[in-house]
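All remarks here apply to the structure that follows.
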Amino acid sequence: MKKELGLLVAVATLAAAASALADAPGPPSAAKPPAQPAAGTDLVATLQQVCLPVLHGADVKASASAAGFRQKDGEWVLTIDSDRRIELSPPDAANPHVCAATIYARPTSTAALRQALNTWANAQTPPLTQVAPSGASAAPGWSSASWRGQTASGTLGIALGQQQPTQGEPFAESDLQVSLTPA
């Protein structure tokens, strides 16, 4: 499964780079990959390198450390830049099948975070099905989207709740929930 995920990410990355090269003026060496906010890249990396392995039984400390997370005041934190960060909530005794992360990113990154997660979900084999389209949430000022799919290990569910950016706020919060219900 890990090899499949890595291969799918590599294919998606290559496809994005090829698309960028095709649209770029000048020789390929002058082309730059499409801009994706660091938060979107880090969100997908957290899902792939920490949450999924840990939900499959990998060690939290080893997975989180390898992905760049550091212990800070008893929490696993990945610094994106200055005060923008991802706070990890790995599975525990109360929620052994749930891994969560809170992303504090620039308000302009909100749509890109959702798009990065949607791209990842669609690249899975088989693709995860979007079960709740992006839109209004039960909580005022928030939107949500979720995806679900069957894997060899069980049912994988992913939900992303996002605070709608407000003028002047330095960051917007996005909450990622990853669950794996064993088969």
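Residues are referred to by chain and number: the chain letter is A, B, ... according to the order shown in the structure tokens, the number counts from 1 in that chain, and ligands are numbered separately from 1 in the order shown.
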Could you pull the residues within 9 Å of A:Pro90, counting only C-alpha atoms, minus those fewer than 2 positions along the same chain, as an MDAnalysis selection string? chainID A and resid 50:51 54:55 60 76 88 92 95:96 98:101
Provide the atom CA of A:Asp175 to atom CA of A:Thr102 distance in Å, to one decimal place.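 Between atom CA of A:Asp175 and atom CA of A:Thr102 the gap is 4.6 Å.
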Of the candidates A:Ala145, A:Ile86, A:Leu156, A:Ile80, which one gets nearest to A:Ala64 if we count only C-alpha atoms?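 Going through A:Ala145, A:Ile86, A:Leu156, A:Ile80 one by one, the smallest distance to A:Ala64 is for A:Ile86.
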I need the residues of stretch 104-139 of chain A that end up classed as strand (DSSP E or B) by DSSP on the backbone, written out as a list in words.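 Residues of stretch 104-139 of chain A classed as strand (DSSP E or B): Tyr104, Ala105, Thr129, Gln130, Val131, Ala132, Pro133, Ser134, Gly135 and Ala136 of chain A.
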